[in-house]
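Asks: Provided herewith: final_18.cif, mmCIF, C-alpha atoms.
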data_input
#
loop_
_atom_site.group_PDB
_atom_site.id
_atom_site.type_symbol
_atom_site.label_atom_id
_atom_site.label_comp_id
_atom_site.auth_asym_id
_atom_site.auth_seq_id
_atom_site.Cartn_x
_atom_site.Cartn_y
_atom_site.Cartn_z
ATOM 1 C CA MET J 101 9.984 -10.120 -26.948
ATOM 2 C CA THR J 102 10.701 -8.368 -23.678
ATOM 3 C CA ASP J 103 8.962 -9.222 -20.432
ATOM 4 C CA GLN J 104 7.078 -5.922 -20.543
ATOM 5 C CA ALA J 105 5.870 -6.521 -24.105
ATOM 6 C CA ALA J 106 4.755 -10.036 -23.186
ATOM 7 C CA PHE J 107 2.905 -8.628 -20.159
ATOM 8 C CA TYR J 108 1.012 -6.142 -22.350
ATOM 9 C CA ASP J 109 0.220 -8.808 -24.945
ATOM 10 C CA ARG J 110 -1.253 -11.062 -22.264
ATOM 11 C CA ALA J 111 -3.247 -8.163 -20.787
ATOM 12 C CA LEU J 112 -4.652 -7.189 -24.191
ATOM 13 C CA ARG J 113 -5.568 -10.811 -24.878
ATOM 14 C CA ARG J 114 -7.449 -10.993 -21.580
ATOM 15 C CA ILE J 115 -9.212 -7.688 -22.337
ATOM 16 C CA ARG J 116 -10.340 -9.014 -25.736
ATOM 17 C CA ILE J 117 -11.696 -12.190 -24.131
ATOM 18 C CA LEU J 118 -13.323 -10.278 -21.285
ATOM 19 C CA THR J 119 -14.975 -7.899 -23.768
ATOM 20 C CA PHE J 120 -16.789 -10.857 -25.311
ATOM 21 C CA VAL J 121 -17.680 -12.170 -21.842
ATOM 22 C CA VAL J 122 -19.039 -8.776 -20.748
ATOM 23 C CA GLY J 123 -20.978 -8.457 -24.013
ATOM 24 C CA ALA J 124 -22.518 -11.923 -23.726
ATOM 25 C CA THR J 125 -23.293 -11.519 -20.021
ATOM 26 C CA GLY J 126 -24.890 -8.131 -20.582
ATOM 27 C CA ALA J 127 -26.976 -9.393 -23.485
ATOM 28 C CA ILE J 128 -28.203 -12.320 -21.382
ATOM 29 C CA ALA J 129 -29.008 -9.960 -18.495
ATOM 30 C CA TRP J 130 -30.995 -7.660 -20.830
ATOM 31 C CA LEU J 131 -32.754 -10.699 -22.307
ATOM 32 C CA ILE J 132 -33.858 -11.902 -18.869
ATOM 33 C CA ALA J 133 -34.753 -8.424 -17.577
ATOM 34 C CA GLN J 134 -36.445 -6.794 -20.576
ATOM 35 C CA GLY J 135 -36.668 -9.177 -23.507
ATOM 36 C CA LEU J 136 -35.126 -9.769 -26.895
ATOM 37 C CA GLN J 137 -35.124 -6.254 -28.351
ATOM 38 C CA PRO J 138 -32.962 -4.628 -25.624
ATOM 39 C CA ALA J 139 -30.707 -7.713 -25.550
ATOM 40 C CA LEU J 140 -30.081 -7.408 -29.285
ATOM 41 C CA GLY J 141 -29.401 -3.682 -28.834
ATOM 42 C CA PHE J 142 -26.821 -4.408 -26.140
ATOM 43 C CA ALA J 143 -25.237 -7.125 -28.285
ATOM 44 C CA ALA J 144 -25.079 -4.742 -31.263
ATOM 45 C CA GLY J 145 -23.408 -2.073 -29.123
ATOM 46 C CA ALA J 146 -20.931 -4.605 -27.760
ATOM 47 C CA ALA J 147 -20.136 -5.807 -31.296
ATOM 48 C CA LEU J 148 -19.476 -2.224 -32.421
ATOM 49 C CA SER J 149 -17.226 -1.675 -29.431
ATOM 50 C CA VAL J 150 -15.239 -4.835 -30.221
ATOM 51 C CA LEU J 151 -14.657 -3.603 -33.769
ATOM 52 C CA ASN J 152 -13.653 -0.169 -32.505
ATOM 53 C CA PHE J 153 -11.287 -1.711 -29.933
ATOM 54 C CA ARG J 154 -9.583 -3.718 -32.677
ATOM 55 C CA GLY J 155 -9.182 -0.524 -34.678
ATOM 56 C CA ILE J 156 -7.688 1.290 -31.712
ATOM 57 C CA LEU J 157 -5.210 -1.555 -31.176
ATOM 58 C CA ALA J 158 -4.215 -1.373 -34.853
ATOM 59 C CA LEU J 159 -3.738 2.396 -34.518
ATOM 60 C CA ALA J 160 -1.573 1.859 -31.423
ATOM 61 C CA ASP J 161 0.578 -0.612 -33.381
ATOM 62 C CA VAL J 162 1.067 1.977 -36.121
ATOM 63 C CA VAL J 163 1.838 4.816 -33.703
ATOM 64 C CA GLY J 164 4.117 2.597 -31.609
ATOM 65 C CA GLY J 165 6.111 1.656 -34.674
ATOM 66 C CA THR J 166 5.483 -2.084 -34.450
ATOM 67 C CA ARG J 167 3.696 -1.997 -37.781
ATOM 68 C CA LYS J 168 4.105 0.235 -40.812
ATOM 69 C CA PRO J 169 0.997 2.236 -41.738
ATOM 70 C CA GLY J 170 -0.578 1.505 -45.067
ATOM 71 C CA LEU J 171 -1.591 4.058 -47.668
ATOM 72 C CA TRP J 172 -5.170 4.152 -46.474
ATOM 73 C CA ALA J 173 -4.456 4.077 -42.716
ATOM 74 C CA ALA J 174 -5.463 7.693 -41.937
ATOM 75 C CA PHE J 175 -8.549 7.409 -44.121
ATOM 76 C CA PHE J 176 -9.759 4.279 -42.343
ATOM 77 C CA ILE J 177 -9.027 5.758 -38.915
ATOM 78 C CA ALA J 178 -11.338 8.686 -39.685
ATOM 79 C CA LEU J 179 -13.846 6.513 -41.506
ATOM 80 C CA ARG J 180 -14.181 4.143 -38.551
ATOM 81 C CA TYR J 181 -16.012 6.728 -36.433
ATOM 82 C CA ALA J 182 -18.297 7.690 -39.312
ATOM 83 C CA VAL J 183 -19.207 4.023 -39.813
ATOM 84 C CA ILE J 184 -19.829 3.554 -36.074
ATOM 85 C CA GLY J 185 -22.027 6.659 -36.022
ATOM 86 C CA PHE J 186 -23.987 5.403 -39.019
ATOM 87 C CA ALA J 187 -24.361 1.963 -37.425
ATOM 88 C CA ILE J 188 -25.676 3.539 -34.217
ATOM 89 C CA TYR J 189 -28.173 5.557 -36.259
ATOM 90 C CA VAL J 190 -29.370 2.432 -38.072
ATOM 91 C CA ILE J 191 -29.630 0.434 -34.845
ATOM 92 C CA VAL J 192 -31.647 3.099 -33.011
ATOM 93 C CA LYS J 193 -33.728 4.753 -35.748
ATOM 94 C CA ILE J 194 -34.293 2.055 -38.354
ATOM 95 C CA LEU J 195 -34.161 -1.162 -36.322
ATOM 96 C CA LYS J 196 -35.958 0.620 -33.434
ATOM 97 C CA PHE J 197 -33.679 -0.733 -30.714
ATOM 98 C CA ALA J 198 -33.686 1.209 -27.461
ATOM 99 C CA PRO J 199 -30.668 3.521 -27.285
ATOM 100 C CA ALA J 200 -29.807 2.835 -23.611
ATOM 101 C CA PRO J 201 -28.911 -0.876 -23.974
ATOM 102 C CA MET J 202 -27.023 -0.190 -27.194
ATOM 103 C CA LEU J 203 -25.006 2.641 -25.621
ATOM 104 C CA LEU J 204 -24.263 0.481 -22.584
ATOM 105 C CA GLY J 205 -23.085 -2.263 -24.939
ATOM 106 C CA LEU J 206 -20.568 0.200 -26.342
ATOM 107 C CA LEU J 207 -18.986 0.236 -22.872
ATOM 108 C CA ALA J 208 -18.114 -3.480 -22.959
ATOM 109 C CA PRO J 209 -14.350 -2.843 -23.438
ATOM 110 C CA PHE J 210 -14.433 -0.444 -20.488
ATOM 111 C CA GLY J 211 -15.959 -3.169 -18.310
ATOM 112 C CA ALA J 212 -13.365 -5.609 -19.615
ATOM 113 C CA ALA J 213 -10.552 -3.173 -18.788
ATOM 114 C CA VAL J 214 -11.885 -2.748 -15.244
ATOM 115 C CA LEU J 215 -12.007 -6.539 -14.850
ATOM 116 C CA GLU J 216 -8.427 -6.753 -16.163
ATOM 117 C CA ILE J 217 -7.309 -4.171 -13.602
ATOM 118 C CA LEU J 218 -8.963 -6.189 -10.842
ATOM 119 C CA TYR J 219 -7.297 -9.346 -12.170
ATOM 120 C CA GLU J 220 -3.883 -7.664 -12.068
ATOM 121 C CA LEU J 221 -4.530 -6.428 -8.514
ATOM 122 C CA ILE J 222 -5.585 -9.877 -7.322
ATOM 123 C CA PHE J 223 -2.945 -11.852 -9.256
ATOM 124 C CA PRO J 224 0.092 -9.545 -9.583
ATOM 125 C CA VAL J 225 2.914 -10.529 -11.894
ATOM 126 C CA HIS J 226 6.284 -10.717 -10.168
ATOM 127 C CA ALA J 227 9.045 -9.914 -12.620
#
With the file now loaded, output its structure as structure tokens.
Replies:
Amino acid sequence: MTDQAAFYDRALRRIRILTFVVGATGAIAWLIAQGLQPALGFAAGAALSVLNFRGILALADVVGGTRKPGLWAAFFIALRYAVIGFAIYVIVKILKFAPAPMLLGLLAPFGAAVLEILYELIFPVHA
């Protein structure tokens, strides 16, 4: 593995960990500020975003040529967004969670990526 590949692997590992940290921290903040229902909505949004992030990483592996796509790869790529849309519908309409905390939970990987950028700026890697 090259130094650059190892750098990206470490960064992606930190982003995955930070996504869980952002999701847990946000859910706790919603729990303290507004109660259980919004906290569960945020946690559900964060969980959906984690699953979507894993799917995006798998797609990047396929496109980058590090992994060979399976027979159903294109089908599952398209299906992923339909499943996420259906899950959002169920969370908001059927479970009656507020949409704002759930939508903010979907941004957990974005928050994790921003934290990773700050980490790299504070602790630069010298090759």
Asks: Of the candidates J:Gln137, J:Ile132, J:Leu148, J:Arg110, which one gets nearest to Pro209 in chain J if we count only C-alpha atoms?
Replies: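 Closest to Pro209 in chain J, using only C-alpha atoms: J:Leu148.
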Asks: Calculate how many Å separate CA of Leu112 in chain J from CA of Ala178 in chain J, rounding to one decimal.
Replies: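 These atoms are spaced 23.2 Å apart.
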Asks: Applying 9 Å and only C-alpha atoms, which residues near range 152-155 of chain J remain after dropping the ones on its own chain fewer than 4 positions away? List them as a ChimeraX atom specification.
Replies: /J:116,147-148,159-160,177,180-181,184,209
Asks: Restricting the calculation to only C-alpha atoms: of J:Phe176, J:Thr102, J:Ala208, J:Leu131, which residue gets closest to Ala158 in chain J?
Replies: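 Closest residue, counting only C-alpha atoms: J:Phe176.
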Asks: Would you pick out the contacts of Leu206 in chain J at 7 Å or less, using all atoms listed in the file, so that residues sharing its chain but fewer than 4 positions from it are not included, and give the list as a PyMOL selection string?
Replies: chain J and resi 145-146+148-149+202
Asks: With distances taken over only C-alpha atoms, which residue among J:Pro201, J:Tyr189, J:Val225, J:Ile194 lies nearest Ala133 in chain J?
Replies: J:Pro201
Asks: To one decimal place in Å, what is the distance between CA of Ala143 in chain J and CA of Gly123 in chain J?
Replies: 6.2 Å
Asks: Once the PyMOL selection byres ((chain J and resi 192) around 12) is applied to the coordinates I shared, what remains selected? I want it as a PDB file with C-alpha atoms, keeping the file's coordinate frame.
Replies:
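Full text of result_25.pdb as output:
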ATOM      1  CA  GLN J 137     -35.124  -6.254 -28.351  1.00  0.00           C
ATOM      2  CA  PRO J 138     -32.962  -4.628 -25.624  1.00  0.00           C
ATOM      3  CA  LEU J 140     -30.081  -7.408 -29.285  1.00  0.00           C
ATOM      4  CA  GLY J 141     -29.401  -3.682 -28.834  1.00  0.00           C
ATOM      5  CA  PHE J 142     -26.821  -4.408 -26.140  1.00  0.00           C
ATOM      6  CA  ALA J 144     -25.079  -4.742 -31.263  1.00  0.00           C
ATOM      7  CA  GLY J 145     -23.408  -2.073 -29.123  1.00  0.00           C
ATOM      8  CA  GLY J 185     -22.027   6.659 -36.022  1.00  0.00           C
ATOM      9  CA  PHE J 186     -23.987   5.403 -39.019  1.00  0.00           C
ATOM     10  CA  ALA J 187     -24.361   1.963 -37.425  1.00  0.00           C
ATOM     11  CA  ILE J 188     -25.676   3.539 -34.217  1.00  0.00           C
ATOM     12  CA  TYR J 189     -28.173   5.557 -36.259  1.00  0.00           C
ATOM     13  CA  VAL J 190     -29.370   2.432 -38.072  1.00  0.00           C
ATOM     14  CA  ILE J 191     -29.630   0.434 -34.845  1.00  0.00           C
ATOM     15  CA  LYS J 193     -33.728   4.753 -35.748  1.00  0.00           C
ATOM     16  CA  ILE J 194     -34.293   2.055 -38.354  1.00  0.00           C
ATOM     17  CA  LEU J 195     -34.161  -1.162 -36.322  1.00  0.00           C
ATOM     18  CA  LYS J 196     -35.958   0.620 -33.434  1.00  0.00           C
ATOM     19  CA  PHE J 197     -33.679  -0.733 -30.714  1.00  0.00           C
ATOM     20  CA  ALA J 198     -33.686   1.209 -27.461  1.00  0.00           C
ATOM     21  CA  PRO J 199     -30.668   3.521 -27.285  1.00  0.00           C
ATOM     22  CA  ALA J 200     -29.807   2.835 -23.611  1.00  0.00           C
ATOM     23  CA  PRO J 201     -28.911  -0.876 -23.974  1.00  0.00           C
ATOM     24  CA  MET J 202     -27.023  -0.190 -27.194  1.00  0.00           C
ATOM     25  CA  LEU J 203     -25.006   2.641 -25.621  1.00  0.00           C
TER      26      LEU J 203
END
Asks: In Å to one decimal, how far is CA of Phe107 in chain J from CA of Glu216 in chain J?
Replies: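 For CA of Glu216 in chain J relative to CA of Phe107 in chain J, the distance reads 12.2 Å.
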Asks: Rank nothing, just name the residue among J:Ala105, J:Gly211, J:Leu151, J:Gly205 nearest to Ala139 in chain J, using all atoms listed in the file.
Replies: J:Gly205
Asks: So that all listed atoms of range 213-223 of chain J fit with 4 Å spare on each side, what axis-aligned box centre and edge lengths in Å, to one decimal, would you give as lines of an AutoDock Vina configuration file?
Replies:
center_x = -7.5
center_y = -7.3
center_z = -13.1
size_x = 17.1
size_y = 17.1
size_z = 19.5
